[in-house]
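K.L.:
What follows is a structure written as structure tokens; I'll ask about it next.
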Amino acid sequence: MHKAGFVNIVGNPNVGKSTLMNLLVGERISIATFKAQTTRHRIMGIVNDAECQIVFSDTPGVLKPNYKMQEMMLAFSESALSDADVLLYVTDVVEDPLKNKDFLDKVKEMKIPILLVINKIDESNQGDLNDIVEKWYGFLPNAEILPVSAKNKFGIDMLMKRIKELLPDSPPYFDKEQLTDKPAKFFVSEIIREKILLYYDKEIPYSVEVVVESFRESETKIHINTVIYVERDSQKGIIIGHQGVALKKVSTEARKTLEKFFGKRVYLETFVKVDKDWRNSQRELDNFGYNPE
């Protein structure tokens with residue numbers, strides 16, 4: 001009998017959710033950096049073998065919203081509680097469960113299998129880990145707890161084995177060749193945003209949205225035009241840099257990653273525009289795809 005199901009990944013920023021997602025999927029689907037609030041949308045990664053299809057869904061980190069964009073991000077995470085066959089709640093060895101008690105209370109009420117994944121155990125010792133496990137059992141008594149280290153790839157095979165055991169019997173939901181539910185344009189914007197996260201500090205990366213205005217593909221090359229939106233004129237100046245040096249660096253690094261991602265020559269044009277206070281504009285958030293429906 002074939003198995004198939006939706007495995008939704010939730011948890012706070014900074015606990016390594018995206019790195020874990022990439023290990024489970026085996027491809028570079030979610031941005032994985034040291035920056036918080038990296039994933040802004042639900043991103044599906046699809047794993048197939050002869051016996052099963054696993055549809056992993058990485059969600060934005062659970063946090064208390066400070067502006068409308070973060071409210072939409074939290075809505076993505078909460079929507080993951082309603083359509084999962086298996087839920088992966090990812091934490092680490094330092095997170096305080098009380099930080100998002102309201103969200104945990106919703107998880108506790110779920111009737112589906114819950115795997116509580118404690119990441120970064122390479123940063124702890126056995127005695128402390130035992131205490132951490134006991135603490136989490138108190139908050140999610142119905143969860144099955146699996147300690148892992150995504151950094152060292154420890155416990156990942158065991159986690160994948162357990163996920164497969166918990167999947168319901170079902171035919172596949174997607175074509176067996178499909179890797180994700182997102183279009184190519186989505187990954188262009190994510191890769192450019194990743195470079196901005198890596199090369200700029202403080203508020204700049206979180207004030208940025210990247211829109212692909214055109215994507216023209218042939219058998220051997222891809223021409224891409226993108227716009228980086230920021231909230232203030234001063235941020236535009238920082239993104240571009242003196243004589244355009246900073247923007248050129250980001251564009252060059254993004255182009256290299258895009259060529260590796262698509263396996264083709266990429267011609268990338270990048271512009272910067274100001275869209276004042278877009279993170280608090282429902283109209284702009286809708287235009288940028290922040291809709292959990």
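Labels used: A, B, ... for chains in the order of the structure tokens, numbers from 1 for residues in each chain, and numbers from 1 for ligands as shown.
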Which parts of segment 159-281 of chain A does DSSP call strand (DSSP E) when run on the backbone here, written out as JSON, numbers by chain?
P.N.:
{"A": [209, 210, 211, 212, 213, 214, 215, 216, 217, 221, 222, 223, 224, 225, 226, 227, 228, 229, 230, 265, 266, 267, 268, 269, 270, 271, 272, 273, 274]}
K.L.:
Excluding Val7 of chain A and residues on its chain fewer than 6 positions from it, collect all residues at most 7 Å away from it, counting only C-alpha atoms, and give them as a list in words.
P.N.:
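Returned residues: Ile54, Val55, Phe56, Ser57, Ala84, Asp85, Val86, Leu87 and Leu88 of chain A.
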K.L.:
Would you pick out the contacts of Asp175 of chain A at 10 Å or less, using only C-alpha atoms, so that residues sharing its chain but fewer than 5 positions from it are not included, and give the list as a list in words?
P.N.:
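Contacts, in chain order: Ile46, Asn48 and Gln53 of chain A.
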K.L.:
What is the distance between atom CA of Lys249 of chain A and atom CA of Val212 of chain A, in Å to one decimal?
P.N.:
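Spanning atom CA of Lys249 of chain A to atom CA of Val212 of chain A is a straight-line distance of 18.4 Å.
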K.L.:
Just asking: which residues within segment 92-193 of chain A are helix (DSSP H, G or I) according to DSSP, as a VMD selection string?
P.N.:
chain A and resid 97 to 108 121 to 123 126 to 139 156 to 166 184 to 193
